[in-house]
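*Asks:* You'll find data_26.tsv just under this line, and it carries TSV, C-alpha atoms.
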chain	number	residue	atom	x	y	z
A	1	MET	CA	0.00	0.00	0.00
A	2	LYS	CA	1.12	3.57	-0.70
A	3	ILE	CA	0.97	5.67	2.45
A	4	GLY	CA	1.33	9.44	2.70
A	5	VAL	CA	2.28	10.93	6.05
A	6	VAL	CA	1.66	14.39	7.53
A	7	VAL	CA	3.59	15.69	10.55
A	8	SER	CA	1.86	18.71	12.02
A	9	GLU	CA	3.47	19.33	15.42
A	10	GLY	CA	6.93	20.54	16.35
A	11	PRO	CA	9.81	18.31	17.51
A	12	TYR	CA	10.47	17.64	21.22
A	13	THR	CA	7.46	19.70	22.38
A	14	HIS	CA	5.21	17.06	20.88
A	15	GLN	CA	5.72	13.37	20.18
A	16	ALA	CA	4.11	13.53	16.71
A	17	ALA	CA	7.40	13.69	14.76
A	18	ASP	CA	8.76	10.69	16.73
A	19	THR	CA	5.61	8.61	16.33
A	20	ALA	CA	5.47	9.40	12.63
A	21	TYR	CA	9.11	8.31	12.30
A	22	HIS	CA	8.44	4.97	14.00
A	23	PHE	CA	5.28	4.52	11.95
A	24	VAL	CA	7.12	5.12	8.67
A	25	LYS	CA	9.86	2.67	9.63
A	26	ALA	CA	7.28	0.03	10.56
A	27	ALA	CA	5.31	0.64	7.36
A	28	LEU	CA	8.46	0.24	5.24
A	29	ASP	CA	9.45	-2.89	7.17
A	30	GLY	CA	5.95	-4.21	6.50
A	31	GLY	CA	6.47	-3.88	2.76
A	32	HIS	CA	4.49	-0.68	2.25
A	33	GLU	CA	5.63	2.36	0.32
A	34	VAL	CA	5.98	5.80	1.88
A	35	PRO	CA	6.81	8.06	-1.04
A	36	ARG	CA	6.42	11.37	0.81
A	37	VAL	CA	6.17	12.92	4.26
A	38	PHE	CA	4.70	16.42	4.47
A	39	PHE	CA	5.64	18.76	7.33
A	40	TYR	CA	3.04	21.39	8.24
A	41	HIS	CA	2.18	23.76	11.10
A	42	ASP	CA	5.00	23.57	13.70
A	43	GLY	CA	6.04	20.27	12.10
A	44	VAL	CA	8.22	22.35	9.76
A	45	ASN	CA	10.62	22.89	12.67
A	46	VAL	CA	11.76	19.27	12.35
A	47	SER	CA	13.70	20.35	9.24
A	48	SER	CA	16.11	22.77	10.95
A	49	ARG	CA	19.67	21.55	10.57
A	50	LEU	CA	20.64	23.82	13.49
A	51	THR	CA	18.86	21.42	15.83
A	52	ILE	CA	21.18	20.34	18.67
A	53	PRO	CA	19.51	18.12	21.25
A	54	PRO	CA	21.48	16.91	24.32
A	55	GLN	CA	23.73	13.98	23.37
A	56	ASP	CA	21.75	11.39	25.32
A	57	GLU	CA	18.53	12.29	23.48
A	58	ARG	CA	17.29	11.20	20.08
A	59	HIS	CA	18.08	13.55	17.20
A	60	ILE	CA	14.75	13.90	15.44
A	61	GLN	CA	16.03	15.85	12.42
A	62	ASN	CA	18.93	13.42	11.85
A	63	ASN	CA	16.56	10.47	12.20
A	64	TRP	CA	14.43	11.82	9.37
A	65	THR	CA	17.37	12.84	7.20
A	66	ASN	CA	18.86	9.34	7.50
A	67	LEU	CA	15.58	7.54	6.94
A	68	ALA	CA	14.86	9.64	3.86
A	69	LYS	CA	18.30	8.91	2.44
A	70	GLU	CA	18.00	5.18	3.08
A	71	HIS	CA	14.52	4.80	1.59
A	72	GLU	CA	14.33	7.71	-0.87
A	73	ILE	CA	11.48	9.40	0.93
A	74	ASP	CA	10.51	12.88	-0.26
A	75	LEU	CA	10.48	15.07	2.86
A	76	VAL	CA	8.50	18.20	1.95
A	77	VAL	CA	8.31	21.27	4.16
A	78	CYS	CA	5.44	23.68	3.53
A	79	ILE	CA	6.91	26.96	2.33
A	80	ALA	CA	4.24	29.23	3.83
A	81	ALA	CA	4.40	27.54	7.22
A	82	ALA	CA	8.22	27.47	7.08
A	83	GLN	CA	8.66	31.14	6.25
A	84	ARG	CA	6.36	32.19	9.10
A	85	ARG	CA	8.59	30.23	11.47
A	86	GLY	CA	12.01	31.29	10.14
A	87	LEU	CA	12.95	28.21	8.10
A	88	LEU	CA	14.59	28.93	4.76
A	89	ASP	CA	16.52	26.98	2.17
A	90	GLU	CA	19.38	28.61	0.27
A	91	ASN	CA	17.21	29.78	-2.63
A	92	GLU	CA	14.60	31.37	-0.40
A	93	ALA	CA	17.24	33.01	1.81
A	94	ASN	CA	18.77	34.63	-1.28
A	95	ARG	CA	15.41	35.65	-2.68
A	96	GLN	CA	14.28	37.17	0.62
A	97	GLY	CA	17.63	38.89	1.28
A	98	LYS	CA	18.32	36.87	4.44
A	99	ASP	CA	21.85	36.16	5.65
A	100	ALA	CA	21.40	32.48	6.49
A	101	ASN	CA	19.49	29.34	5.71
A	102	ASN	CA	18.76	26.33	7.87
A	103	ILE	CA	17.06	23.49	6.00
A	104	ALA	CA	18.66	20.11	6.67
A	105	ASP	CA	19.75	17.55	4.08
A	106	GLY	CA	16.95	15.39	2.79
A	107	PHE	CA	14.25	18.04	3.28
A	108	ARG	CA	12.99	20.31	0.56
A	109	ILE	CA	10.76	23.37	0.69
A	110	SER	CA	7.69	23.37	-1.50
A	111	GLY	CA	4.03	24.33	-1.58
A	112	LEU	CA	0.81	22.98	-0.13
A	113	GLY	CA	0.00	21.52	-3.52
A	114	GLN	CA	2.42	18.72	-2.60
A	115	LEU	CA	0.15	17.81	0.32
A	116	ILE	CA	-2.95	17.63	-1.88
A	117	GLU	CA	-1.03	15.69	-4.53
A	118	MET	CA	0.07	13.20	-1.86
A	119	GLY	CA	-3.57	12.75	-0.83
A	120	ILE	CA	-4.52	12.03	-4.43
A	121	GLN	CA	-1.64	9.69	-5.22
A	122	THR	CA	-1.53	7.54	-2.07
A	123	ASP	CA	-3.93	4.88	-0.81
A	124	ARG	CA	-3.94	6.25	2.75
A	125	LEU	CA	-3.05	9.56	4.32
A	126	VAL	CA	-1.98	9.40	7.96
A	127	THR	CA	-1.66	12.56	10.06
A	128	PHE	CA	0.48	12.81	13.19
A	129	GLY	CA	-0.49	15.84	15.22
A	130	ASP	CA	-2.65	17.15	17.99
B	1	MET	CA	-3.87	13.28	-11.71
B	2	SER	CA	-7.27	12.94	-13.38
B	3	GLU	CA	-8.66	10.89	-10.52
B	4	ILE	CA	-11.13	12.80	-8.34
B	5	LYS	CA	-11.08	12.00	-4.64
B	6	LYS	CA	-13.32	13.15	-1.84
B	7	PHE	CA	-11.33	15.44	0.48
B	8	LEU	CA	-12.66	16.44	3.89
B	9	TYR	CA	-11.00	19.18	5.94
B	10	VAL	CA	-11.96	18.81	9.59
B	11	ASN	CA	-11.79	22.03	11.58
B	12	ARG	CA	-11.82	21.44	15.34
B	13	LYS	CA	-10.10	24.49	16.82
B	14	ALA	CA	-11.15	28.08	17.56
B	15	PRO	CA	-10.14	30.61	14.88
B	16	TYR	CA	-7.59	32.40	17.10
B	17	GLY	CA	-5.39	31.19	19.94
B	18	THR	CA	-3.65	28.71	17.66
B	19	ILE	CA	-2.78	28.81	13.96
B	20	TYR	CA	-4.59	25.61	12.96
B	21	ALA	CA	-7.72	27.31	11.60
B	22	LEU	CA	-5.81	29.78	9.42
B	23	GLU	CA	-3.39	27.18	8.06
B	24	SER	CA	-6.30	24.83	7.38
B	25	LEU	CA	-7.97	27.50	5.28
B	26	GLU	CA	-4.71	27.98	3.38
B	27	VAL	CA	-4.71	24.28	2.46
B	28	VAL	CA	-8.34	24.49	1.33
B	29	LEU	CA	-7.61	27.46	-0.94
B	30	ILE	CA	-4.53	25.84	-2.52
B	31	GLY	CA	-6.32	22.49	-2.74
B	32	ALA	CA	-9.18	24.06	-4.68
B	33	ALA	CA	-6.92	24.28	-7.73
B	34	PHE	CA	-6.73	20.47	-7.85
B	35	GLU	CA	-10.42	20.11	-8.71
B	36	GLN	CA	-11.18	17.45	-6.13
B	37	ASP	CA	-14.53	16.88	-4.40
B	38	VAL	CA	-14.01	19.07	-1.33
B	39	SER	CA	-16.02	19.30	1.90
B	40	LEU	CA	-15.29	21.12	5.15
B	41	ALA	CA	-16.41	19.97	8.59
B	42	PHE	CA	-16.69	22.24	11.61
B	43	LEU	CA	-16.97	20.67	15.03
B	44	ASP	CA	-15.89	21.21	18.64
B	45	ASP	CA	-14.47	24.75	18.97
B	46	GLY	CA	-14.10	24.77	15.17
B	47	VAL	CA	-17.68	26.06	14.93
B	48	PHE	CA	-16.41	29.41	16.26
B	49	GLN	CA	-14.51	29.84	12.97
B	50	LEU	CA	-17.77	30.58	11.17
B	51	THR	CA	-19.31	33.01	13.66
B	52	LYS	CA	-20.27	36.42	12.31
B	53	GLY	CA	-19.08	39.77	13.60
B	54	GLN	CA	-15.55	38.66	14.43
B	55	ASN	CA	-13.33	41.57	15.47
B	56	THR	CA	-9.66	40.90	16.14
B	57	ASP	CA	-8.51	44.51	16.65
B	58	GLY	CA	-7.75	43.85	20.30
B	59	ILE	CA	-5.36	40.96	19.65
B	60	GLY	CA	-3.48	42.34	16.65
B	61	ILE	CA	-4.11	39.22	14.58
B	62	LYS	CA	-5.65	39.30	11.10
B	63	ASN	CA	-9.37	38.54	10.99
B	64	PHE	CA	-9.55	35.92	8.24
B	65	SER	CA	-13.24	35.07	8.67
B	66	PRO	CA	-14.32	37.00	5.51
B	67	THR	CA	-12.33	34.46	3.47
B	68	PHE	CA	-14.92	31.79	4.23
B	69	ARG	CA	-17.44	33.80	2.21
B	70	ALA	CA	-15.16	33.55	-0.83
B	71	LEU	CA	-15.00	29.75	-0.79
B	72	GLY	CA	-17.96	29.50	-3.18
B	73	ASP	CA	-15.82	31.18	-5.86
B	74	PHE	CA	-13.35	28.32	-5.43
B	75	GLU	CA	-16.15	25.77	-5.84
B	76	VAL	CA	-15.92	24.83	-2.19
B	77	THR	CA	-19.62	24.66	-1.43
B	78	LYS	CA	-20.10	22.04	1.28
B	79	LEU	CA	-19.52	23.31	4.82
B	80	PHE	CA	-20.88	20.79	7.32
B	81	VAL	CA	-21.43	22.22	10.81
B	82	GLU	CA	-22.16	19.91	13.72
B	83	LYS	CA	-25.34	20.88	15.59
B	84	GLU	CA	-24.26	19.44	18.93
B	85	SER	CA	-21.03	21.45	18.87
B	86	LEU	CA	-23.04	24.64	18.32
B	87	GLU	CA	-25.49	23.79	21.10
B	88	GLU	CA	-22.76	22.88	23.58
B	89	ARG	CA	-21.32	26.37	23.08
B	90	GLY	CA	-24.61	28.24	23.31
B	91	LEU	CA	-24.59	29.00	19.58
B	92	THR	CA	-27.29	28.66	16.94
B	93	ALA	CA	-27.19	28.86	13.14
B	94	ASP	CA	-28.09	32.56	13.48
B	95	ASP	CA	-24.69	33.22	15.04
B	96	LEU	CA	-22.91	32.04	11.87
B	97	GLN	CA	-21.97	34.07	8.82
B	98	GLU	CA	-24.15	33.73	5.77
B	99	ILE	CA	-22.04	31.81	3.25
B	100	VAL	CA	-23.46	31.13	-0.20
B	101	TYR	CA	-22.41	29.78	-3.57
B	102	GLU	CA	-23.84	30.15	-7.05
B	103	ASP	CA	-25.15	26.82	-8.31
B	104	GLU	CA	-24.05	26.51	-11.94
B	105	ASP	CA	-26.46	23.59	-12.44
B	106	ASP	CA	-29.43	25.67	-11.30
B	107	ASP	CA	-29.18	28.93	-13.28
B	108	TRP	CA	-26.51	30.26	-10.89
B	109	GLU	CA	-28.99	30.50	-8.07
B	110	GLU	CA	-27.45	31.48	-4.74
B	111	LYS	CA	-27.62	28.66	-2.24
B	112	PRO	CA	-26.35	28.30	1.32
B	113	SER	CA	-23.01	26.51	1.71
B	114	ILE	CA	-23.50	25.76	5.41
B	115	LYS	CA	-25.30	22.53	6.17
B	116	LEU	CA	-26.15	21.73	9.79
B	117	VAL	CA	-25.73	18.05	10.57
B	118	SER	CA	-26.06	15.97	13.71
B	119	ARG	CA	-23.08	14.22	15.26
B	120	ALA	CA	-24.31	10.92	13.78
B	121	GLU	CA	-24.68	12.48	10.34
B	122	MET	CA	-21.17	13.95	10.63
B	123	ALA	CA	-19.87	10.43	11.19
B	124	ASP	CA	-21.52	9.40	7.92
B	125	VAL	CA	-19.97	12.39	6.13
B	126	MET	CA	-16.54	11.33	7.39
B	127	ALA	CA	-17.03	7.67	6.52
B	128	ASP	CA	-17.84	8.71	2.95
B	129	GLN	CA	-14.42	10.39	2.32
B	130	ASP	CA	-11.24	9.24	0.61
B	131	VAL	CA	-8.90	11.70	2.33
B	132	VAL	CA	-9.48	13.35	5.71
B	133	LEU	CA	-7.21	16.16	6.87
B	134	SER	CA	-7.73	17.13	10.48
B	135	PHE	CA	-6.87	20.57	11.84
Can you turn what I pasted into structure tokens?
*Replies:*
Amino acid sequence: MKIGVVVSEGPYTHQAADTAYHFVKAALDGGHEVPRVFFYHDGVNVSSRLTIPPQDERHIQNNWTNLAKEHEIDLVVCIAAAQRRGLLDENEANRQGKDANNIADGFRISGLGQLIEMGIQTDRLVTFGD
Amino acid sequence: MSEIKKFLYVNRKAPYGTIYALESLEVVLIGAAFEQDVSLAFLDDGVFQLTKGQNTDGIGIKNFSPTFRALGDFEVTKLFVEKESLEERGLTADDLQEIVYEDEDDDWEEKPSIKLVSRAEMADVMADQDVVLSF
């Protein structure tokens, strides 16, 4: 089965990004496909490569980056939600005249159309949020 | 991408206090371009999103409630509001904005977009969907 996943709460404050991660791993292990994960609301904060949790804690952003690399998952961060919350890739930082960018490897910034498209193209859409 | 699916956006939160309501509406507006079969559900505190006379001057946050009246232009014409959620909050249909659409199959007659449904009927609406996005 093709499963699309939405993460809609921020890392560490909320368990959604962790539960989604474990769900995606289990789904892949179970032989399902997870072509895309869409990060919305505070979920966009998962994509910051400046994330530095204490060393004895899980690294949520690295977990996703590694999982995406291993299984070719398209990690999409909503551009509107990201810009509100200060998350920019290199292109957007240049375009907006900002002096830095912070999107981690494996994530890409795109529009809400990617969320709708995921709903159309997958058999199930599973949301992790509040 | 020619397949048409039934999308339901479930709005459960008050319009202000958190960003869920506003960012839900942003998905609905973008999603309208994909020509899917779209419905919106309003339940729990989500029914406050449709109340008329909203004034946000005191909190310095944009009042986005007029946007709901434009949904008809995006062919978003099914707004299901749960009766029990209204009643539990001391609201009636008269407290909600008038939201209409022009029915192209009926000589562009203006018709109400808001449909009051019971909790049981809302369950049927949800069971009938292909994709449910909850906000």
*Asks:* Pick the closest to chain A from B:Glu110, B:Asp73, B:Glu23, B:Asp45: which is it, counting all atoms listed in the file?
*Replies:*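 Of B:Glu110, B:Asp73, B:Glu23, B:Asp45, the one nearest chain A, counting all atoms listed in the file, is B:Glu23.
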*Asks:* Using only C-alpha atoms and a distance of at most 8 Å, pull out the residues of chain B that contact chain A, as a compact mmCIF listing (two decimals) with C-alpha atoms, keeping the file's coordinate frame.
*Replies:*
# COMPACT_ATOMS: atom_id res chain seq x y z
CA MET B 1 -3.87 13.28 -11.71
CA GLU B 3 -8.66 10.89 -10.52
CA ILE B 4 -11.13 12.80 -8.34
CA LYS B 5 -11.08 12.00 -4.64
CA ILE B 19 -2.78 28.81 13.96
CA TYR B 20 -4.59 25.61 12.96
CA GLU B 23 -3.39 27.18 8.06
CA VAL B 27 -4.71 24.28 2.46
CA ILE B 30 -4.53 25.84 -2.52
CA GLY B 31 -6.32 22.49 -2.74
CA PHE B 34 -6.73 20.47 -7.85
CA VAL B 131 -8.90 11.70 2.33
CA VAL B 132 -9.48 13.35 5.71
CA LEU B 133 -7.21 16.16 6.87
CA SER B 134 -7.73 17.13 10.48
*Asks:* How many Å separate atom CA of Glu90 of chain A from atom CA of Gln15 of chain A?
*Replies:* 28.6 Å
*Asks:* What's the separation between atom CA of Asp37 of chain B and atom CA of Val125 of chain B, in Å to one decimal place?
*Replies:*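 Between these atoms lies a distance of 12.7 Å.
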*Asks:* Just how far from atom CA of Ser118 of chain B is atom CA of Val38 of chain B, in Å to one decimal?
*Replies:*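 Separation between atom CA of Val38 of chain B and atom CA of Ser118 of chain B: 19.5 Å.
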*Asks:* Around the point (20.9, 19.7, 6.9) in the file's coordinates, collect all residues with an atom within 9 Å, using only C-alpha atoms, and return them as a list in words.
*Replies:*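 With a cut-off of 9 Å, the residues come to Ser47, Ser48, Arg49, Leu50, Gln61, Asn62, Thr65, Asn102, Ile103, Ala104, Asp105, Gly106 and Phe107 of chain A.
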*Asks:* Near segment 62-68 of chain B, counting only C-alpha atoms, which residues have an atom at most 8 Å away, once you skip same-chain residues fewer than 4 positions from it, shown as a list in words?
*Replies:*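 In the requested format, the answer is Leu22, Gln49, Leu50, Gln54, Asn55, Thr56 and Ile99 of chain B.
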*Asks:* Hey, which of B:Ala33, B:Phe48, B:Ser39, B:Gly90 ends up closest to Phe74 of chain B? Count only C-alpha atoms.
*Replies:*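 That would be B:Ala33, the residue with the smallest distance to Phe74 of chain B.
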